[in-house]
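Raw run-v8.tsv, TSV, N, CA and C atoms:
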chain	number	residue	atom	x	y	z
G	240	MET	N	-9.50	21.18	204.36
G	240	MET	CA	-10.13	20.16	205.17
G	240	MET	C	-9.56	18.78	204.88
G	241	ALA	N	-9.16	18.55	203.65
G	241	ALA	CA	-8.62	17.23	203.30
G	241	ALA	C	-7.34	16.95	204.08
G	242	MET	N	-6.55	17.97	204.30
G	242	MET	CA	-5.30	17.78	205.04
G	242	MET	C	-5.59	17.41	206.50
G	243	LEU	N	-6.55	18.07	207.12
G	243	LEU	CA	-6.90	17.73	208.50
G	243	LEU	C	-7.43	16.30	208.60
G	244	ARG	N	-8.21	15.89	207.63
G	244	ARG	CA	-8.73	14.52	207.62
G	244	ARG	C	-7.56	13.53	207.54
G	245	GLU	N	-6.59	13.83	206.71
G	245	GLU	CA	-5.41	12.96	206.55
G	245	GLU	C	-4.60	12.91	207.85
G	246	ILE	N	-4.45	14.03	208.51
G	246	ILE	CA	-3.72	14.07	209.79
G	246	ILE	C	-4.42	13.22	210.83
G	247	TRP	N	-5.73	13.37	210.96
G	247	TRP	CA	-6.47	12.59	211.96
G	247	TRP	C	-6.47	11.10	211.64
G	248	ARG	N	-6.43	10.76	210.37
G	248	ARG	CA	-6.41	9.35	209.99
G	248	ARG	C	-5.06	8.71	210.32
G	249	ASN	N	-3.98	9.47	210.19
G	249	ASN	CA	-2.64	8.93	210.43
G	249	ASN	C	-2.13	9.13	211.85
G	250	PHE	N	-2.82	9.93	212.63
G	250	PHE	CA	-2.35	10.26	213.97
G	250	PHE	C	-2.18	9.03	214.87
G	251	PRO	N	-3.13	8.09	214.94
G	251	PRO	CA	-2.96	6.96	215.87
G	251	PRO	C	-1.99	5.88	215.40
G	252	ARG	N	-1.48	5.97	214.20
G	252	ARG	CA	-0.57	4.94	213.69
G	252	ARG	C	0.82	5.07	214.29
G	253	LYS	N	1.53	3.97	214.26
G	253	LYS	CA	2.92	3.98	214.72
G	253	LYS	C	3.78	4.68	213.66
G	254	PRO	N	4.95	5.22	214.05
G	254	PRO	CA	5.83	5.83	213.06
G	254	PRO	C	6.30	4.81	212.02
G	255	ALA	N	6.54	5.27	210.81
G	255	ALA	CA	6.96	4.38	209.73
G	255	ALA	C	8.46	4.11	209.77
G	256	THR	N	9.19	4.88	210.54
G	256	THR	CA	10.64	4.73	210.59
G	256	THR	C	11.11	4.38	212.00
G	257	LEU	N	12.35	3.93	212.12
G	257	LEU	CA	12.96	3.65	213.41
G	257	LEU	C	13.81	4.83	213.83
G	258	LYS	N	14.07	4.93	215.11
G	258	LYS	CA	15.00	5.94	215.61
G	258	LYS	C	16.38	5.31	215.52
G	259	TYR	N	16.96	5.32	214.31
G	259	TYR	CA	18.08	4.47	213.93
G	259	TYR	C	19.22	4.33	214.93
G	260	PRO	N	19.90	5.37	215.33
G	260	PRO	CA	21.05	5.07	216.19
G	260	PRO	C	20.66	4.43	217.51
G	261	PHE	N	19.43	4.66	217.94
G	261	PHE	CA	19.01	4.15	219.24
G	261	PHE	C	18.29	2.81	219.13
G	262	GLU	N	17.58	2.57	218.03
G	262	GLU	CA	16.86	1.32	217.82
G	262	GLU	C	17.39	0.67	216.54
G	263	ARG	N	18.11	-0.43	216.69
G	263	ARG	CA	18.68	-1.12	215.53
G	263	ARG	C	17.68	-2.13	215.00
G	264	LEU	N	17.63	-2.25	213.68
G	264	LEU	CA	16.78	-3.22	213.02
G	264	LEU	C	17.52	-4.55	212.96
G	265	GLU	N	16.90	-5.60	213.45
G	265	GLU	CA	17.52	-6.93	213.41
G	265	GLU	C	17.45	-7.46	211.98
G	266	PRO	N	18.54	-8.00	211.44
G	266	PRO	CA	18.51	-8.54	210.08
G	266	PRO	C	17.60	-9.77	210.00
G	267	ALA	N	17.08	-10.00	208.82
G	267	ALA	CA	16.22	-11.16	208.59
G	267	ALA	C	17.01	-12.45	208.78
G	268	GLU	N	16.32	-13.54	209.01
G	268	GLU	CA	16.97	-14.82	209.25
G	268	GLU	C	17.84	-15.25	208.07
G	269	ARG	N	17.40	-14.94	206.85
G	269	ARG	CA	18.14	-15.37	205.66
G	269	ARG	C	19.11	-14.30	205.15
G	270	PHE	N	19.39	-13.28	205.92
G	270	PHE	CA	20.31	-12.22	205.51
G	270	PHE	C	21.71	-12.80	205.36
G	271	ARG	N	22.35	-12.54	204.23
G	271	ARG	CA	23.67	-13.12	203.96
G	271	ARG	C	24.81	-12.12	204.06
G	272	GLY	N	24.53	-10.91	204.44
G	272	GLY	CA	25.58	-9.94	204.63
G	272	GLY	C	25.62	-8.88	203.55
G	273	LYS	N	26.61	-8.05	203.64
G	273	LYS	CA	26.77	-6.94	202.72
G	273	LYS	C	27.21	-7.44	201.34
G	274	GLN	N	26.65	-6.84	200.29
G	274	GLN	CA	27.04	-7.23	198.94
G	274	GLN	C	28.45	-6.73	198.64
G	275	HIS	N	29.18	-7.51	197.86
G	275	HIS	CA	30.56	-7.16	197.51
G	275	HIS	C	30.72	-7.30	196.01
G	276	PHE	N	31.26	-6.28	195.37
G	276	PHE	CA	31.49	-6.30	193.93
G	276	PHE	C	32.97	-6.50	193.67
G	277	ASP	N	33.31	-7.56	192.93
G	277	ASP	CA	34.69	-7.83	192.54
G	277	ASP	C	34.75	-7.73	191.02
G	278	PRO	N	35.36	-6.68	190.46
G	278	PRO	CA	35.39	-6.51	189.01
G	278	PRO	C	36.11	-7.66	188.29
G	279	ASN	N	37.00	-8.36	188.97
G	279	ASN	CA	37.70	-9.48	188.34
G	279	ASN	C	36.78	-10.68	188.12
G	280	LEU	N	35.72	-10.79	188.90
G	280	LEU	CA	34.78	-11.90	188.76
G	280	LEU	C	33.56	-11.53	187.93
G	281	CYS	N	33.47	-10.28	187.52
G	281	CYS	CA	32.30	-9.81	186.78
G	281	CYS	C	32.28	-10.41	185.37
G	282	VAL	N	31.10	-10.92	184.95
G	282	VAL	CA	30.96	-11.50	183.62
G	282	VAL	C	30.19	-10.57	182.69
G	283	GLY	N	29.84	-9.39	183.15
G	283	GLY	CA	29.16	-8.40	182.31
G	283	GLY	C	27.75	-8.78	181.94
G	284	CYS	N	27.00	-9.29	182.88
G	284	CYS	CA	25.63	-9.73	182.58
G	284	CYS	C	24.81	-8.57	182.06
In structure tokens, how does this file's structure come out?
Amino acid sequence: MAMLREIWRNFPRKPATLKYPFERLEPAERFRGKQHFDPNLCVGC
């Protein structure tokens, strides 16, 4: 019964994920791009 209660509670909610290839997520306003690792600049923090 607990599983049915959980299903009914979550049924009216929107999906938690996007349909990725068809719906693209817009980057945030402060998004600075893909991270890049340069071993020559690494200081070994």
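Counting from atom CA of Arg271 of chain G, the distance to atom CA of Leu257 of chain G is 22.0 Å.
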Residues flagged helix (DSSP H, G or I) by DSSP in chain G, as a tab-separated table (two decimals) with N, CA and C atoms, in the coordinates of the input:
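Result file is selection05.tsv:
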chain	number	residue	atom	x	y	z
G	241	ALA	N	-9.16	18.55	203.65
G	241	ALA	CA	-8.62	17.23	203.30
G	241	ALA	C	-7.34	16.95	204.08
G	242	MET	N	-6.55	17.97	204.30
G	242	MET	CA	-5.30	17.78	205.04
G	242	MET	C	-5.59	17.41	206.50
G	243	LEU	N	-6.55	18.07	207.12
G	243	LEU	CA	-6.90	17.73	208.50
G	243	LEU	C	-7.43	16.30	208.60
G	244	ARG	N	-8.21	15.89	207.63
G	244	ARG	CA	-8.73	14.52	207.62
G	244	ARG	C	-7.56	13.53	207.54
G	245	GLU	N	-6.59	13.83	206.71
G	245	GLU	CA	-5.41	12.96	206.55
G	245	GLU	C	-4.60	12.91	207.85
G	246	ILE	N	-4.45	14.03	208.51
G	246	ILE	CA	-3.72	14.07	209.79
G	246	ILE	C	-4.42	13.22	210.83
G	247	TRP	N	-5.73	13.37	210.96
G	247	TRP	CA	-6.47	12.59	211.96
G	247	TRP	C	-6.47	11.10	211.64
G	248	ARG	N	-6.43	10.76	210.37
G	248	ARG	CA	-6.41	9.35	209.99
G	248	ARG	C	-5.06	8.71	210.32
G	249	ASN	N	-3.98	9.47	210.19
G	249	ASN	CA	-2.64	8.93	210.43
G	249	ASN	C	-2.13	9.13	211.85
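Of note, atom N of Gln274 of chain G and atom C of Pro260 of chain G are spaced 21.4 Å apart.
The gap separating atom C of Ala241 of chain G from atom CA of Lys258 of chain G is 27.4 Å, in Å to one decimal.
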